[in-house]
Each structure stands twice: as C-alpha cells, then as structure tokens.
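What follows is start23.txt (compact mmCIF, C-alpha atoms and all ligand atoms).
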```txt
# COMPACT_ATOMS: atom_id res chain seq x y z
CA MET A 1 0.00 0.00 0.00
CA ASN A 2 1.21 3.52 -0.80
CA ILE A 3 0.76 6.37 1.64
CA LEU A 4 0.60 10.03 0.66
CA VAL A 5 2.28 12.05 3.41
CA ILE A 6 1.21 15.68 3.66
CA ASN A 7 2.86 18.43 5.70
CA CYS A 8 0.77 21.53 5.17
CA GLY A 9 1.81 25.05 6.20
CA SER A 10 -0.06 28.32 5.74
CA SER A 11 1.39 28.94 2.25
CA SER A 12 3.19 25.67 1.51
CA LEU A 13 2.45 21.98 1.17
CA LYS A 14 5.18 19.32 1.27
CA PHE A 15 4.33 15.82 0.09
CA GLN A 16 5.83 12.38 -0.34
CA VAL A 17 4.46 9.08 -1.56
CA ILE A 18 5.95 6.19 0.37
CA ASN A 19 5.39 2.45 0.47
CA PRO A 20 5.71 1.84 4.23
CA GLU A 21 6.19 -1.91 3.82
CA THR A 22 9.22 -1.68 1.52
CA GLU A 23 10.18 1.83 2.79
CA ASP A 24 10.45 2.89 -0.88
CA LEU A 25 10.02 6.59 -1.64
CA LEU A 26 8.08 6.89 -4.91
CA ALA A 27 7.85 10.66 -5.30
CA LYS A 28 8.24 13.86 -3.35
CA GLY A 29 7.75 17.55 -3.78
CA LEU A 30 6.57 20.86 -2.54
CA CYS A 31 3.96 23.49 -3.43
CA GLU A 32 5.03 26.96 -2.40
CA ARG A 33 3.60 30.47 -2.25
CA ILE A 34 0.04 29.15 -2.14
CA GLY A 35 -2.42 32.07 -2.32
CA ILE A 36 0.39 34.42 -3.41
CA ASP A 37 1.46 33.25 -6.88
CA GLY A 38 2.55 29.63 -6.73
CA SER A 39 5.07 26.98 -7.76
CA ILE A 40 5.30 23.20 -7.60
CA THR A 41 8.51 21.22 -7.31
CA TYR A 42 8.15 17.53 -8.12
CA GLU A 43 10.53 14.59 -8.24
CA ALA A 44 9.45 11.17 -9.54
CA VAL A 45 12.01 9.26 -7.47
CA ALA A 46 10.70 5.82 -8.52
CA LYS A 47 11.32 6.70 -12.18
CA GLY A 48 14.75 8.21 -11.48
CA LEU A 49 13.63 11.50 -13.01
CA PRO A 50 15.24 14.77 -11.96
CA LYS A 51 13.50 17.35 -9.78
CA VAL A 52 11.39 19.79 -11.82
CA LYS A 53 10.11 23.17 -10.63
CA LYS A 54 7.20 24.87 -12.38
CA ASP A 55 5.62 28.24 -11.67
CA VAL A 56 1.84 27.80 -11.73
CA PRO A 57 -0.90 29.85 -10.11
CA ILE A 58 -2.01 28.13 -6.90
CA GLU A 59 -4.93 30.06 -5.44
CA ASP A 60 -5.58 27.78 -2.48
CA HIS A 61 -4.62 24.46 -0.87
CA LYS A 62 -7.29 22.52 -2.76
CA LYS A 63 -5.64 23.61 -5.98
CA ALA A 64 -2.26 22.59 -4.53
CA VAL A 65 -3.53 19.10 -3.70
CA SER A 66 -5.09 18.75 -7.17
CA LEU A 67 -1.75 19.67 -8.78
CA VAL A 68 0.01 17.09 -6.59
CA LEU A 69 -2.49 14.39 -7.57
CA GLU A 70 -2.16 15.31 -11.26
CA ALA A 71 1.63 15.07 -11.04
CA LEU A 72 1.46 11.71 -9.25
CA THR A 73 -0.85 10.21 -11.91
CA ASP A 74 0.68 11.89 -14.98
CA PRO A 75 1.20 9.21 -17.70
CA GLU A 76 4.83 10.24 -18.20
CA THR A 77 6.13 11.52 -14.90
CA GLY A 78 3.62 9.96 -12.52
CA VAL A 79 4.43 7.13 -10.14
CA ILE A 80 0.94 5.61 -9.78
CA SER A 81 -1.62 4.84 -12.45
CA SER A 82 -4.66 5.92 -10.45
CA LEU A 83 -5.52 7.44 -7.09
CA ASP A 84 -6.78 4.03 -5.98
CA GLU A 85 -3.13 3.16 -5.47
CA ILE A 86 -3.00 5.55 -2.52
CA GLY A 87 -4.29 3.60 0.48
CA ALA A 88 -4.35 6.49 2.94
CA VAL A 89 -3.12 10.01 3.55
CA GLY A 90 -0.96 10.70 6.62
CA HIS A 91 -1.13 14.31 7.79
CA ARG A 92 1.48 15.88 10.01
CA ILE A 93 -0.52 17.74 12.65
CA VAL A 94 1.52 19.95 14.93
CA HIS A 95 -0.58 20.11 18.10
CA GLY A 96 -2.56 17.27 19.60
CA GLY A 97 -2.76 18.87 23.06
CA GLU A 98 -3.40 16.46 25.92
CA ARG A 99 -6.10 14.68 23.94
CA TYR A 100 -3.87 12.67 21.61
CA ASN A 101 -0.97 10.51 22.70
CA SER A 102 -0.90 8.50 19.47
CA THR A 103 -1.81 8.53 15.79
CA VAL A 104 -5.54 8.51 14.97
CA LEU A 105 -7.89 8.12 12.05
CA ILE A 106 -9.42 11.52 11.27
CA ASP A 107 -13.19 11.80 11.66
CA ASP A 108 -15.38 14.83 12.42
CA GLU A 109 -14.64 14.61 16.13
CA VAL A 110 -10.86 14.53 15.56
CA GLU A 111 -11.11 17.45 13.14
CA ASN A 112 -13.03 19.47 15.70
CA ALA A 113 -10.48 18.65 18.38
CA ILE A 114 -7.61 19.75 16.12
CA ARG A 115 -9.54 22.97 15.47
CA GLU A 116 -10.04 23.54 19.21
CA MET A 117 -6.32 23.06 19.80
CA SER A 118 -5.51 25.81 17.29
CA GLU A 119 -5.36 28.11 20.30
CA LEU A 120 -2.14 26.32 21.26
CA ALA A 121 -0.66 26.37 17.72
CA PRO A 122 -2.32 29.26 15.87
CA LEU A 123 0.18 29.23 13.01
CA HIS A 124 0.14 25.48 12.44
CA ASN A 125 -3.08 23.64 13.30
CA PRO A 126 -5.38 25.74 11.07
CA ALA A 127 -2.99 25.24 8.12
CA ASN A 128 -2.78 21.49 8.85
CA LEU A 129 -6.59 21.30 8.80
CA ILE A 130 -6.79 23.08 5.46
CA GLY A 131 -4.60 20.27 4.09
CA VAL A 132 -6.94 17.64 5.55
CA ASP A 133 -10.02 19.31 4.03
CA ALA A 134 -8.36 19.73 0.62
CA CYS A 135 -7.42 16.03 0.52
CA LYS A 136 -10.86 14.94 1.73
CA ALA A 137 -12.52 16.95 -1.05
CA LEU A 138 -10.34 15.44 -3.79
CA MET A 139 -9.96 11.92 -2.43
CA PRO A 140 -13.33 11.06 -0.93
CA GLY A 141 -13.30 7.63 0.65
CA THR A 142 -9.53 7.56 1.23
CA PRO A 143 -8.74 7.33 4.96
CA MET A 144 -7.11 10.43 6.45
CA VAL A 145 -4.81 9.95 9.43
CA ALA A 146 -3.43 12.50 11.92
CA VAL A 147 0.15 12.06 13.15
CA PHE A 148 0.81 14.56 15.94
CA ASP A 149 4.13 16.28 16.66
CA THR A 150 3.24 16.38 20.35
CA ALA A 151 1.97 12.80 20.82
CA PHE A 152 5.26 11.08 21.68
CA HIS A 153 5.86 13.52 24.55
CA GLN A 154 2.54 12.81 26.26
CA THR A 155 4.23 10.23 28.51
CA MET A 156 6.07 13.02 30.37
CA PRO A 157 5.12 13.08 34.07
CA PRO A 158 3.60 16.25 35.61
CA LYS A 159 6.89 17.13 37.35
CA ALA A 160 8.43 17.48 33.87
CA PHE A 161 5.56 19.09 31.97
CA LEU A 162 4.31 21.62 34.54
CA TYR A 163 5.54 25.19 34.69
CA ALA A 164 5.85 26.64 38.19
CA LEU A 165 2.93 29.01 37.65
CA PRO A 166 -0.31 29.16 39.65
CA ILE A 167 -1.69 25.69 39.03
CA ARG A 168 -4.97 27.13 37.77
CA PHE A 169 -3.16 28.26 34.61
CA TYR A 170 -2.61 24.61 33.83
CA GLU A 171 -6.05 23.55 34.96
CA ASP A 172 -7.95 26.38 33.26
CA TYR A 173 -5.85 27.06 30.17
CA LYS A 174 -3.74 23.89 29.77
CA ILE A 175 -0.54 25.92 29.93
CA ARG A 176 2.16 23.25 30.19
CA ARG A 177 5.13 21.85 28.29
CA TYR A 178 3.96 19.79 25.29
CA GLY A 179 7.14 19.38 23.24
CA PHE A 180 7.42 19.06 19.45
CA HIS A 181 9.39 17.06 16.84
CA GLY A 182 7.81 14.01 18.54
CA THR A 183 7.73 11.92 15.36
CA SER A 184 11.46 12.48 14.93
CA HIS A 185 12.33 11.77 18.58
CA ALA A 186 10.31 8.53 18.45
CA PHE A 187 11.79 7.42 15.12
CA VAL A 188 15.39 8.28 16.01
CA SER A 189 15.33 6.66 19.47
CA LYS A 190 13.85 3.45 18.04
CA THR A 191 16.25 3.40 15.09
CA ALA A 192 19.26 4.12 17.36
CA ALA A 193 18.40 1.14 19.58
CA GLU A 194 17.96 -1.14 16.53
CA PHE A 195 21.22 0.11 14.99
CA LEU A 196 23.16 -0.55 18.19
CA GLY A 197 21.48 -3.91 18.83
CA ARG A 198 20.13 -2.61 22.14
CA ASP A 199 16.74 -3.35 23.67
CA LEU A 200 14.73 -0.11 23.46
CA GLU A 201 12.70 -1.30 26.47
CA ASN A 202 15.82 -1.27 28.60
CA THR A 203 17.77 1.77 27.42
CA LYS A 204 18.15 5.43 28.42
CA ILE A 205 18.47 7.65 25.35
CA ILE A 206 18.93 11.37 24.77
CA VAL A 207 17.94 12.48 21.28
CA CYS A 208 19.37 15.81 20.08
CA HIS A 209 17.27 16.94 17.10
CA LEU A 210 19.40 19.81 15.84
CA GLY A 211 17.94 21.44 12.74
CA ASN A 212 16.66 24.90 12.10
CA GLY A 213 14.29 24.13 14.93
CA ALA A 214 16.05 22.18 17.68
CA SER A 215 15.03 20.12 20.67
CA CYS A 216 16.39 17.46 23.03
CA SER A 217 14.42 14.70 24.65
CA ALA A 218 15.06 12.18 27.41
CA ILE A 219 13.70 8.71 26.64
CA VAL A 220 13.59 5.87 29.18
CA ASN A 221 12.68 2.42 27.88
CA GLY A 222 11.11 3.89 24.75
CA LYS A 223 9.01 6.49 26.59
CA CYS A 224 9.66 10.22 26.63
CA VAL A 225 10.19 11.57 30.16
CA ASP A 226 11.26 15.12 29.31
CA THR A 227 11.77 17.39 26.34
CA SER A 228 13.13 20.88 25.80
CA MET A 229 10.39 22.58 23.77
CA GLY A 230 7.44 23.86 25.74
CA LEU A 231 3.96 25.25 25.26
CA THR A 232 5.32 26.43 21.91
CA PRO A 233 8.51 25.53 20.00
CA LEU A 234 10.25 28.64 21.38
CA GLU A 235 11.57 27.09 24.59
CA GLY A 236 14.76 25.14 25.14
CA LEU A 237 17.78 25.02 22.87
CA ILE A 238 19.17 27.94 20.91
CA MET A 239 17.83 27.47 17.36
CA GLY A 240 18.30 28.96 13.89
CA THR A 241 16.26 32.07 14.66
CA ARG A 242 14.52 31.18 17.96
CA CYS A 243 16.03 32.20 21.29
CA GLY A 244 15.18 29.12 23.36
CA ASP A 245 15.28 29.49 27.17
CA LEU A 246 15.02 33.06 28.39
CA ASP A 247 14.28 34.99 31.57
CA PRO A 248 10.58 35.80 30.99
CA ALA A 249 11.13 39.32 32.37
CA ILE A 250 13.16 40.11 29.24
CA VAL A 251 9.98 40.25 27.14
CA GLU A 252 8.56 43.27 28.98
CA PHE A 253 12.03 44.84 29.17
CA ILE A 254 12.62 44.69 25.39
CA SER A 255 9.08 45.86 24.71
CA ALA A 256 9.58 48.95 26.91
CA LYS A 257 13.10 49.73 25.62
CA GLU A 258 12.18 49.39 21.94
CA GLY A 259 8.66 50.80 22.27
CA ILE A 260 7.14 47.74 20.61
CA SER A 261 4.24 45.47 21.52
CA ILE A 262 4.62 42.13 23.29
CA ALA A 263 3.51 40.46 20.03
CA ASP A 264 6.28 42.22 18.08
CA THR A 265 8.79 41.30 20.77
CA GLU A 266 7.72 37.69 20.46
CA LYS A 267 8.27 37.88 16.70
CA ILE A 268 11.87 38.95 17.39
CA LEU A 269 12.30 35.99 19.76
CA ASN A 270 11.02 33.64 17.04
CA LYS A 271 12.46 35.09 13.86
CA GLU A 272 15.48 37.27 14.66
CA SER A 273 17.12 35.52 17.61
CA GLY A 274 18.95 32.20 18.00
CA VAL A 275 22.28 31.77 16.20
CA TYR A 276 21.03 34.28 13.62
CA GLY A 277 20.61 36.97 16.28
CA LEU A 278 23.80 36.10 18.16
CA SER A 279 25.81 36.19 14.92
CA ASN A 280 24.60 39.76 14.43
CA GLY A 281 22.34 38.68 11.57
CA LEU A 282 25.07 36.81 9.65
CA SER A 283 23.03 33.64 9.12
CA SER A 284 20.90 30.93 10.70
CA ASP A 285 22.73 28.35 8.57
CA PHE A 286 25.59 26.60 10.35
CA ARG A 287 27.65 26.37 7.15
CA ASP A 288 27.73 30.17 6.97
CA LEU A 289 28.47 30.45 10.67
CA TRP A 290 31.50 28.15 10.42
CA LYS A 291 32.76 30.06 7.41
CA GLY A 292 32.36 33.32 9.33
CA SER A 293 33.98 31.92 12.44
CA ASP A 294 36.90 30.47 10.47
CA GLU A 295 37.43 33.90 8.93
CA GLY A 296 37.54 35.54 12.35
CA ASP A 297 33.95 36.75 12.80
CA LYS A 298 33.63 36.95 16.60
CA TYR A 299 29.81 36.92 16.52
CA ALA A 300 29.67 33.74 14.43
CA LYS A 301 32.12 32.11 16.86
CA ILE A 302 30.10 32.98 19.94
CA ALA A 303 26.87 31.81 18.25
CA LEU A 304 28.41 28.36 17.65
CA GLU A 305 29.83 28.21 21.17
CA ALA A 306 26.57 29.25 22.81
CA PHE A 307 24.57 26.77 20.71
CA SER A 308 26.82 23.82 21.65
CA TYR A 309 27.00 24.86 25.31
CA ARG A 310 23.19 24.93 25.56
CA VAL A 311 22.89 21.43 24.04
CA ALA A 312 25.54 20.15 26.48
CA LYS A 313 23.60 21.66 29.41
CA TYR A 314 20.43 19.85 28.35
CA ILE A 315 22.32 16.58 27.99
CA GLY A 316 23.61 17.07 31.54
CA ALA A 317 20.12 17.83 32.82
CA TYR A 318 18.61 14.79 31.12
CA ALA A 319 21.40 12.46 32.24
CA ALA A 320 20.55 13.61 35.78
CA ALA A 321 16.80 13.25 35.20
CA MET A 322 17.26 9.65 33.97
CA ASN A 323 20.01 8.81 36.49
CA GLY A 324 22.34 7.96 33.62
CA VAL A 325 22.35 7.70 29.86
CA ASP A 326 23.25 4.82 27.54
CA VAL A 327 22.89 6.45 24.13
CA ILE A 328 23.10 10.02 22.81
CA ALA A 329 21.75 10.35 19.27
CA PHE A 330 22.33 13.33 16.97
CA THR A 331 19.87 14.02 14.18
CA ALA A 332 18.38 16.65 11.75
CA GLY A 333 20.27 19.08 9.49
CA VAL A 334 22.97 20.14 11.94
CA GLY A 335 23.08 16.93 14.01
CA GLU A 336 23.51 14.77 10.92
CA ASN A 337 25.90 16.93 8.91
CA ASP A 338 28.04 19.00 11.24
CA PRO A 339 30.91 17.03 12.83
CA ARG A 340 32.42 20.14 14.41
CA ILE A 341 29.24 20.94 16.35
CA ARG A 342 29.02 17.32 17.54
CA GLU A 343 32.63 17.51 18.67
CA MET A 344 32.03 20.79 20.53
CA ILE A 345 29.00 19.35 22.31
CA CYS A 346 30.77 16.13 23.24
CA SER A 347 33.78 18.05 24.60
CA TYR A 348 31.58 18.73 27.67
CA LEU A 349 30.67 15.09 28.26
CA GLY A 350 33.86 13.58 29.70
CA TYR A 351 32.27 13.39 33.17
CA LEU A 352 29.74 10.92 31.71
CA GLY A 353 32.53 8.81 30.27
CA ALA A 354 31.24 9.74 26.79
CA TYR A 355 34.05 10.04 24.26
CA ILE A 356 33.76 10.93 20.60
CA ASP A 357 35.97 9.18 18.01
CA ALA A 358 37.46 11.86 15.75
CA ASP A 359 37.61 9.58 12.70
CA ALA A 360 34.15 8.07 13.06
CA ASN A 361 32.77 11.56 13.66
CA LYS A 362 33.72 12.60 10.12
CA SER A 363 30.53 10.85 9.03
CA ARG A 364 27.88 13.06 7.40
CA GLY A 365 24.24 12.32 6.71
CA GLU A 366 24.39 8.60 7.40
CA MET A 367 23.84 6.26 10.31
CA ALA A 368 27.08 5.92 12.29
CA LYS A 369 28.43 5.15 15.73
CA ILE A 370 30.80 7.99 16.55
CA SER A 371 31.98 7.09 20.06
CA THR A 372 35.28 5.40 20.91
CA PRO A 373 35.23 1.68 21.80
CA ASP A 374 35.88 2.53 25.49
CA SER A 375 33.18 5.20 25.70
CA LYS A 376 30.62 4.41 28.41
CA VAL A 377 27.90 6.09 26.36
CA ASP A 378 27.14 5.19 22.73
CA LEU A 379 27.22 8.33 20.61
CA VAL A 380 25.42 7.92 17.30
CA VAL A 381 24.30 9.86 14.24
CA ILE A 382 20.83 8.77 13.07
CA PRO A 383 19.32 10.55 10.05
CA THR A 384 15.74 11.39 10.87
CA ASN A 385 12.97 10.59 8.40
CA GLU A 386 9.75 12.11 9.65
CA GLU A 387 7.87 11.32 6.43
CA LEU A 388 8.71 7.62 6.58
CA ALA A 389 7.71 7.59 10.25
CA ILE A 390 4.38 9.26 9.36
CA ALA A 391 3.82 6.78 6.52
CA LYS A 392 4.47 3.82 8.85
CA GLU A 393 2.21 5.18 11.59
CA THR A 394 -0.52 5.85 9.03
CA TYR A 395 -0.20 2.35 7.59
CA ALA A 396 -0.40 0.82 11.07
CA ILE A 397 -3.68 2.66 11.70
CA VAL A 398 -5.35 1.75 8.39
CA ALA A 399 -4.11 -1.83 8.50
CA LYS A 400 -5.78 -2.16 11.93
CA ALA A 401 -9.08 -0.53 10.84
P1 LIG A 501 14.24 22.14 9.60
O1 LIG A 501 13.61 20.83 9.17
O2 LIG A 501 14.06 22.47 11.04
O3 LIG A 501 13.98 23.30 8.70
P2 LIG A 501 16.75 20.81 9.01
O4 LIG A 501 16.73 19.69 9.95
O5 LIG A 501 16.56 20.53 7.55
O6 LIG A 501 15.81 21.97 9.49
O7 LIG A 501 18.15 21.56 9.18
C1 LIG A 501 18.49 22.65 8.40
C2 LIG A 501 19.80 23.22 8.91
O8 LIG A 501 20.81 22.21 8.88
C3 LIG A 501 20.37 24.34 8.06
O9 LIG A 501 19.84 25.60 8.45
C4 LIG A 501 21.85 24.28 8.38
O10 LIG A 501 22.13 25.10 9.50
C5 LIG A 501 22.09 22.84 8.78
N1 LIG A 501 22.91 22.10 7.82
C6 LIG A 501 22.51 21.46 6.71
N2 LIG A 501 23.58 20.91 6.07
C7 LIG A 501 24.67 21.20 6.81
C8 LIG A 501 26.07 20.94 6.70
N3 LIG A 501 26.57 20.22 5.70
N4 LIG A 501 26.88 21.42 7.67
C9 LIG A 501 26.38 22.12 8.71
N5 LIG A 501 25.08 22.41 8.86
C10 LIG A 501 24.24 21.97 7.94
```
Would it be possible to restate this file's structure as structure tokens?
Ligand code: ADP
Amino acid sequence: MNILVINCGSSSLKFQVINPETEDLLAKGLCERIGIDGSITYEAVAKGLPKVKKDVPIEDHKKAVSLVLEALTDPETGVISSLDEIGAVGHRIVHGGERYNSTVLIDDEVENAIREMSELAPLHNPANLIGVDACKALMPGTPMVAVFDTAFHQTMPPKAFLYALPIRFYEDYKIRRYGFHGTSHAFVSKTAAEFLGRDLENTKIIVCHLGNGASCSAIVNGKCVDTSMGLTPLEGLIMGTRCGDLDPAIVEFISAKEGISIADTEKILNKESGVYGLSNGLSSDFRDLWKGSDEGDKYAKIALEAFSYRVAKYIGAYAAAMNGVDVIAFTAGVGENDPRIREMICSYLGYLGAYIDADANKSRGEMAKISTPDSKVDLVVIPTNEELAIAKETYAIVAKA
C-alpha cells in the first residue's frame, strides 16, 4: 500500500508518496507560495527522473492538492496509475494537546479537536486542517490519518511538563510543556536502539534533534520523560532564529526599551534571535556560521559556542533526570551533517565517560556510531525521516481498521 504524506503550512504543502512496507520513496515535492502566486517542485524518485520546478498559479490548498495528484498520476512523470493506489493520507498535525498521545484516524470529532487546539498552535493547526479538508474533497473515501508532533511527549510526568505558575493556569488554560518534533524523537530513538542492537525497552536515550528548529528529549525504555520545547517551539535550545530558554522578564524589558508590543517582541524571539541573532544577523545556517567563524567573525564564533553549550547543558540535565544515559543520538540538518558541532557538544561530556571518536565523527548524513570503543555512552548519528515515520504510523492505523 502507498501512503501520501502531507505536511501543510499556511502557504506551503510538502508531500511524499511512500510504500511503508518496503520503505520505498516513490515521489516527493513541494507546493510553495500558495495564495500568493505559486510553484510546484516535483521529483518522480521511482522513475529516477530529476527534480522539476514549475511556476503555476495556486490560489488555495485545494488547488495545490489537485496539482500534486495530477503530477502523481501523470502518464509520463507519474508514479501511480490511479488514485486508488493511494491507500491512505498521513497528515502531520503539529498540536494534539493532551487529547492525543498517538496517531488517529481523522473523523469529524478529531477534526473538531484539532480545530479547538488551534489556540495552542495558531500558526500550524489551522494550516494542517486546510490540508486535511483539501485532501478529503479530492480523495473522498480515502482514509485520512493524523500524526501529531506532540503525541510522543505525552508520557512526560507532571513534574516534567508543569511550569511553576499558579496551578490554575494549567487547569484552566492547559498551559504546560507539550514538546514538538515528537515523530522524529520517536523514530530516532527506536532506530538508534535497533542500529546498536540494544533493547529499546531497557535503554536510556537522549535524542538531540538539531535542525533549524532544535530540541532534546530524554527517553527511558522507549518512553519520553522530558523534552526541551514547551507550550510552543520557542523554549529550550538555541535554534536557527529562535532564542530558546530566556528569563521571561526580558519580554517586557525589550518591549519597553524598543517601544514595541509584546507580540512584536515575540516575533523577534522567534524570527530574529537564536544563532542568527547572536551572529549579528550573519546567518541561521551553520555552514555560513563556520565560514564566518573560520574567517575571524567573533559573533559567528560565539553563536556556535553558545549553541553547543546549551545542548551540552540539556544533555547534563537529562542524564541527571534519567540517572544515567546509555545512548546520545544526533539528528536533523545540523546533528547529521556537522561534525564540528558534535565535537564541541561532546567536549563537555567527559564526566559521563562519553568520548567521541574523531575519525568516526567525520561521518555526514548517514547512520554511524561515533563514540570510541571505550566510551561508556554510545554516541550515534541517526538521520531522521519524519515522512517515513508518518507513513508507517498511518499504515499501522489503516491496517488495523
Ligand atoms: P528544519 O527541518 O528544522 O527546517 P533541518 O533539519 O533541515 O531543518 O536543518 C536545516 C539546517 O541544517 C540548516 O539551516 C543548516 O544550519 C544545517 N545544515 C545542513 N547541512 C549542513 C552541513 N553540511 N553542515 C552544517 N550544517 C548543515
């Protein structure tokens, strides 16, 4: 069975067609600038055809989905002969609140719940729902499945997910830590255990998902016990453009100093901070930061140092929370491809008996063990594959139904 995986944003729609049983990727692509002008990028991977980008007007998400379906069934460049070959659609849904701790089949009740939780993810959940509605309209009868970014973290205990605010804020408004990137943390922890021949049910793992957005999670016996992102993805690690942990008093302080609203201050914390802000606006891309740092840019250097230091602090905190750690896994754009960042992070971990192997650490973008044979902690690089994870979860749901 083939699964269409959809990741829908407010003006973009990413898609992949995957056979979850063979793990084959048949096609992938992206519709961009939906509602503005529009373009579609499409790659028929199964046919070995190159990626093609076309500018086409895309007035709304329904049009985007119809273009995707046309591309997938095109007699020349398509990878399926009819839409019947798509068994289900797996939708990445950002916020499942406290209601969803696993993947579910989407019905009216689930759709309403996702809508209600838009309060917690105003930029994401409404866009995700538009994707669901567009697919439902064009593929009536095909099961739609919701895979939540927050679900994996629902096993966190109250001592980890509560903020030390008046408890009524949690009880009345559900203000708590939810965590994100859950599909990636689940996939990477499971894959790391398999790769190392360890029993997931008997292993303490820290996953460092270091991409443009970044988060760490602590996983005991396959269950998440803590994670660094919070009510929103702003908390925790220093990210590409997000600040991560901050003294909350700073928000009011900046707002008063700059004469801007709290909402505009929050935009700065989301879009102009992180390594981008620390590097004085040089870049949020680590390749540019290393180039800058190597050429003597002091801001780029401090951005890289602060980023690595923050990750190392979270590893320390989670090793304490779990009373030890067996495996530390690096994943996502930076975690998979940046040996120097991994080395900087691991330079803080000697007290854990975790030692990185300089040669093994040269690895980029592929699964690798990068610790020395005498290291007490297994350090690994595990490429994440959120789309494959979504396809597998979706398949498991429809195969059961
Ligand atoms: P997201 O999915 O959050 O947008 P990714 O996981 O794709 O992000 O990571 C993107 C980031 O990965 C880029 O901004 C860049 O900083 C980093 N990156 C990608 N390739 C490399 C590389 N070869 N060396 C260092 N950093 C890299």
Worksheet item: What does the distance from CA of Tyr178 (chain A) to CA of Thr150 (chain A) come to in Å, to one decimal?
Response: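 Separation between CA of Tyr178 (chain A) and CA of Thr150 (chain A): 6.0 Å.
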Worksheet item: With only C-alpha atoms and all ligand atoms as the atoms that count, which of A:Asp74, A:Glu201, A:Asp226, A:Asp288 lies nearest to ligand LIG 501 (chain A)?
Response: A:Asp288
Fill in: Neighbours of point (8.7, 28.1, -11.3) within 10 Å, using all atoms listed in the file, written as a list in words
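Checked against the point, the hits come out as Glu32, Asp37, Gly38, Ser39, Ile40, Thr41, Val52, Lys53, Lys54, Asp55, Val56 and Pro57 of chain A.
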Worksheet entry | Spatial neighbours of region 368-378 of chain A, 7 Å, all atoms listed in the file, chain gap at least 3 places, as a list in words |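 Residues near the query, excluding close chain neighbours: Val325, Asp326, Val327, Ile328, Gly353, Ala354, Tyr355, Ile356, Asp357, Ala360, Asn361, Ser363, Val381 and Ile382 of chain A.
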Let me see the file: selected residues, C-alpha atoms, as an mmCIF file, in the coordinates of the input.
```cif
data_model
loop_
_atom_site.group_PDB
_atom_site.id
_atom_site.type_symbol
_atom_site.label_atom_id
_atom_site.label_comp_id
_atom_site.auth_asym_id
_atom_site.auth_seq_id
_atom_site.Cartn_x
_atom_site.Cartn_y
_atom_site.Cartn_z
ATOM 1 C CA VAL A 325 22.350 7.700 29.860
ATOM 2 C CA ASP A 326 23.250 4.820 27.540
ATOM 3 C CA VAL A 327 22.890 6.450 24.130
ATOM 4 C CA ILE A 328 23.100 10.020 22.810
ATOM 5 C CA GLY A 353 32.530 8.810 30.270
ATOM 6 C CA ALA A 354 31.240 9.740 26.790
ATOM 7 C CA TYR A 355 34.050 10.040 24.260
ATOM 8 C CA ILE A 356 33.760 10.930 20.600
ATOM 9 C CA ASP A 357 35.970 9.180 18.010
ATOM 10 C CA ALA A 360 34.150 8.070 13.060
ATOM 11 C CA ASN A 361 32.770 11.560 13.660
ATOM 12 C CA SER A 363 30.530 10.850 9.030
ATOM 13 C CA VAL A 381 24.300 9.860 14.240
ATOM 14 C CA ILE A 382 20.830 8.770 13.070
#
```
Close residues to ligand LIG 501 (chain A) using only C-alpha atoms and all ligand atoms, limit 6 Å, as a compact mmCIF listing (two decimals) with C-alpha atoms, in the frame of the given file:
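Result went into selection06.txt, see below:
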```txt
# COMPACT_ATOMS: atom_id res chain seq x y z
CA GLY A 211 17.94 21.44 12.74
CA ASN A 212 16.66 24.90 12.10
CA GLY A 213 14.29 24.13 14.93
CA SER A 284 20.90 30.93 10.70
CA ASP A 285 22.73 28.35 8.57
CA PHE A 286 25.59 26.60 10.35
CA ARG A 287 27.65 26.37 7.15
CA ALA A 332 18.38 16.65 11.75
CA GLY A 333 20.27 19.08 9.49
CA VAL A 334 22.97 20.14 11.94
CA ASN A 337 25.90 16.93 8.91
CA ASP A 338 28.04 19.00 11.24
```
